[in-house]
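The block underneath contains the structure these notes are about, expressed in structure tokens.
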Amino acid sequence: MRVQGGARLSGELWVSGAKNSALAALVAAALGQEPVVLEGVPIVADVAVMVELLRALGVRVRVLARGEVEVDGRGLCSHEAPYELVRRMRASFYVSGLLLGALGRAVVPLPGGCALGSRPVDFHLKGFEQLGAQIEIQHGSMFAQAPPEGLRGAVVHLSRPSVGATIQLMMASCRARGATVIENAALEPEVVDVANLLNTMGARIRGAGTPVVHVQGVDELRGTRYRIIPDRIEAGTWLVAAAATGGEVSVKGALAEHLQLPLMK
């Protein structure tokens with residue numbers, strides 16, 4: 001890729017849906033006992049991998065229109081995630097919470113990291129254990145088994161705020177028995193977005209976006225239609241590029257409340 005600088009950027013564009021939110025939302029939607037339609041899903045390679053992974057687990061996924069995807073989790077039947085798909089994207093580990101919450105059992109290869117380097121999932125594993133699951137690591141994969149009566153609510157304290165672990169534990173605990181409290185939870189908009197999706201499906205989650213998230217387990221989750229939040233990273237990139245070139249760019253669909261710090265700067 002070669003870029004010739006010095007050109008002033010101008011014009012307008014629509015920001016895509018948030019990739020990091022969409023990846024988790026696709027998995028969360030599969031927890032429902034009815035189809036869920038997600039709007040604003042970005043057309044990127046990672047989303048294609050997640051769709052392929054969900055289909056390999058028995059979930060029915062249909063692309064209805066550009067950016068609109070229907071997820072029907074009623075066909076979920078396999079508790080074992082294929083290595084060749086999980087290794088391609090770290091976010092694939094989200095299916096652990098789906099499988100434990102819906103099937104009570106999960107065999108998922110541990111993610112090897114990404115371009116940013118290795119990212120351990122210790123917080124996810126410790127959280128699962130506190131919800132009652134038995135965890136073993138064998139041959140680079142996580143083998144997780146919930147008790148016969150299913151996962152149970154618990155107080156889970158994260159050693160540091162983690163977006164992935166917070167979302168993972170919300171998904172797993174929304175089908176658990178009793179109440180779960182996630183302490184030192186991540187505050188990012190993607191956490192709030194997934195919580196809002198699950199709540200529209202019938203989950204009982206409060207406190208998302210604060211350091212303490214409360215989840216009351218429910219017996220089942222229904223279908224819904226939900227729009228993914230806009231991608232704050234993409235929106236911020238366009239705004240910074242416009243400022244750096246002395247240009248004037250209008251980014252449509254962005255949420256200013258998700259961009260407070262870069263806008264202030």
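Residue numbers start at 1 in each chain; chains themselves are named A, B, ... in the order of the structure tokens; ligands are numbered from 1 in the order shown.
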Close residues, range 97-100 of chain A itself excluded, 12 Å, only C-alpha atoms, min 5 positions apart in chain, as number ranges by chain: A: 24-32, 54, 57-59, 73, 76-81, 91-92, 105-108, 124-125, 127-129, 131-135, 142-152, 164-176
Quick one: everything within 12 Å of range 7-11 of chain A, counting only C-alpha atoms, minus sequence neighbours fewer than 2 positions away in the same chain. Send it as a list in words. Val3, Gln4, Gly5, Leu13, Trp14, Trp238, Leu239, Val240, Ala241, Ala242, Ala243, Ala244, Thr245, Gly246, Gly247, Glu248, Val249, Ser250, Val251 and Lys252 of chain A
As a PyMOL selection string, please: every residue in range 59-197 of chain A that DSSP puts in helix (DSSP H, G or I). chain A and resi 73-75+83-86+90-103+122-130+163-173+189-197
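Closest approach to Arg88 in chain A among A:Val121, A:Met50, A:Val155, A:Val36 is made by A:Met50 (distances from only C-alpha atoms).
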Please, what distance in Å, to one decimal, runs between CA of Leu198 in chain A and CA of Glu70 in chain A?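 Going from CA of Leu198 in chain A over to CA of Glu70 in chain A, I get 15.1 Å.
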Looking at only C-alpha atoms, which of A:Leu259, A:Val44, A:Val71, A:Val163 is the one that sits closest to Tyr226 in chain A? A:Val71
Can you check which residues of range 29-159 of chain A DSSP gives as strand (DSSP E or B) on the backbone and send them as a PyMOL selection string? chain A and resi 36-39+60-65+68-72+80+105-109+114+117+134-138+141-145+152+155-157
If you keep C-alpha atoms, can you produce a file of those selected residues as a PDB file, in the first residue's frame?
ATOM      1  CA  VAL A  36     -32.554 -12.377  15.979  1.00  0.00           C
ATOM      2  CA  VAL A  37     -31.972  -9.838  13.194  1.00  0.00           C
ATOM      3  CA  LEU A  38     -28.910  -7.610  13.557  1.00  0.00           C
ATOM      4  CA  GLU A  39     -28.646  -4.391  11.563  1.00  0.00           C
ATOM      5  CA  ARG A  60     -28.428 -20.876  11.164  1.00  0.00           C
ATOM      6  CA  VAL A  61     -27.076 -17.544   9.903  1.00  0.00           C
ATOM      7  CA  ARG A  62     -28.575 -15.723   6.916  1.00  0.00           C
ATOM      8  CA  VAL A  63     -27.438 -12.477   5.304  1.00  0.00           C
ATOM      9  CA  LEU A  64     -30.733 -10.719   4.509  1.00  0.00           C
ATOM     10  CA  ALA A  65     -29.322  -7.523   3.005  1.00  0.00           C
ATOM     11  CA  GLU A  68     -28.420  -7.101   7.948  1.00  0.00           C
ATOM     12  CA  VAL A  69     -27.923 -10.608   9.352  1.00  0.00           C
ATOM     13  CA  GLU A  70     -30.398 -13.067  10.855  1.00  0.00           C
ATOM     14  CA  VAL A  71     -29.118 -15.445  13.554  1.00  0.00           C
ATOM     15  CA  ASP A  72     -31.204 -18.458  14.614  1.00  0.00           C
ATOM     16  CA  GLU A  80     -16.784 -28.315  19.893  1.00  0.00           C
ATOM     17  CA  ARG A 105     -20.336 -28.002  27.617  1.00  0.00           C
ATOM     18  CA  ALA A 106     -17.612 -26.415  25.487  1.00  0.00           C
ATOM     19  CA  VAL A 107     -14.429 -27.504  23.765  1.00  0.00           C
ATOM     20  CA  VAL A 108     -12.724 -24.446  22.293  1.00  0.00           C
ATOM     21  CA  PRO A 109      -9.104 -24.044  21.149  1.00  0.00           C
ATOM     22  CA  CYS A 114      -3.310 -11.638  16.852  1.00  0.00           C
ATOM     23  CA  GLY A 117       0.632 -10.283  20.154  1.00  0.00           C
ATOM     24  CA  GLN A 134     -15.013 -27.377  35.542  1.00  0.00           C
ATOM     25  CA  ILE A 135     -12.131 -26.272  33.299  1.00  0.00           C
ATOM     26  CA  GLU A 136      -9.265 -28.312  31.898  1.00  0.00           C
ATOM     27  CA  ILE A 137      -6.635 -27.266  29.375  1.00  0.00           C
ATOM     28  CA  GLN A 138      -5.481 -30.099  27.122  1.00  0.00           C
ATOM     29  CA  SER A 141      -7.853 -26.350  23.989  1.00  0.00           C
ATOM     30  CA  MET A 142     -10.244 -25.473  26.792  1.00  0.00           C
ATOM     31  CA  PHE A 143     -12.512 -28.290  27.942  1.00  0.00           C
ATOM     32  CA  ALA A 144     -15.347 -26.815  30.021  1.00  0.00           C
ATOM     33  CA  GLN A 145     -18.237 -28.645  31.666  1.00  0.00           C
ATOM     34  CA  ARG A 152     -24.928 -20.829  38.739  1.00  0.00           C
ATOM     35  CA  VAL A 155     -19.666 -12.747  42.298  1.00  0.00           C
ATOM     36  CA  VAL A 156     -16.841 -12.513  39.761  1.00  0.00           C
ATOM     37  CA  HIS A 157     -14.071  -9.965  40.293  1.00  0.00           C
TER      38      HIS A 157
END
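Using only C-alpha atoms, the nearest neighbour of Arg74 in chain A within the list A:Arg2, A:Arg227, A:Arg222, A:Lys19 is A:Arg222.
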Quick one: of A:Thr224, A:Ser162, A:Gln216, A:Gln33, who's nearest to Phe123 in chain A, counting only C-alpha atoms?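 Of A:Thr224, A:Ser162, A:Gln216, A:Gln33, the one nearest Phe123 in chain A, counting only C-alpha atoms, is A:Ser162.
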Provide the CA of Arg177 in chain A to CA of Gly202 in chain A distance in Å, to one decimal place.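 Separation between CA of Arg177 in chain A and CA of Gly202 in chain A: 14.9 Å.
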What does the distance between CA of Asn184 in chain A and CA of Ala208 in chain A come to in Å, to one decimal place?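 These atoms are spaced 11.2 Å apart.
Candidate residues A:Asn196, A:Lys265, A:Ala256, A:Ser16 were compared for distance to Glu234 in chain A, and the nearest is A:Ser16, using only C-alpha atoms.
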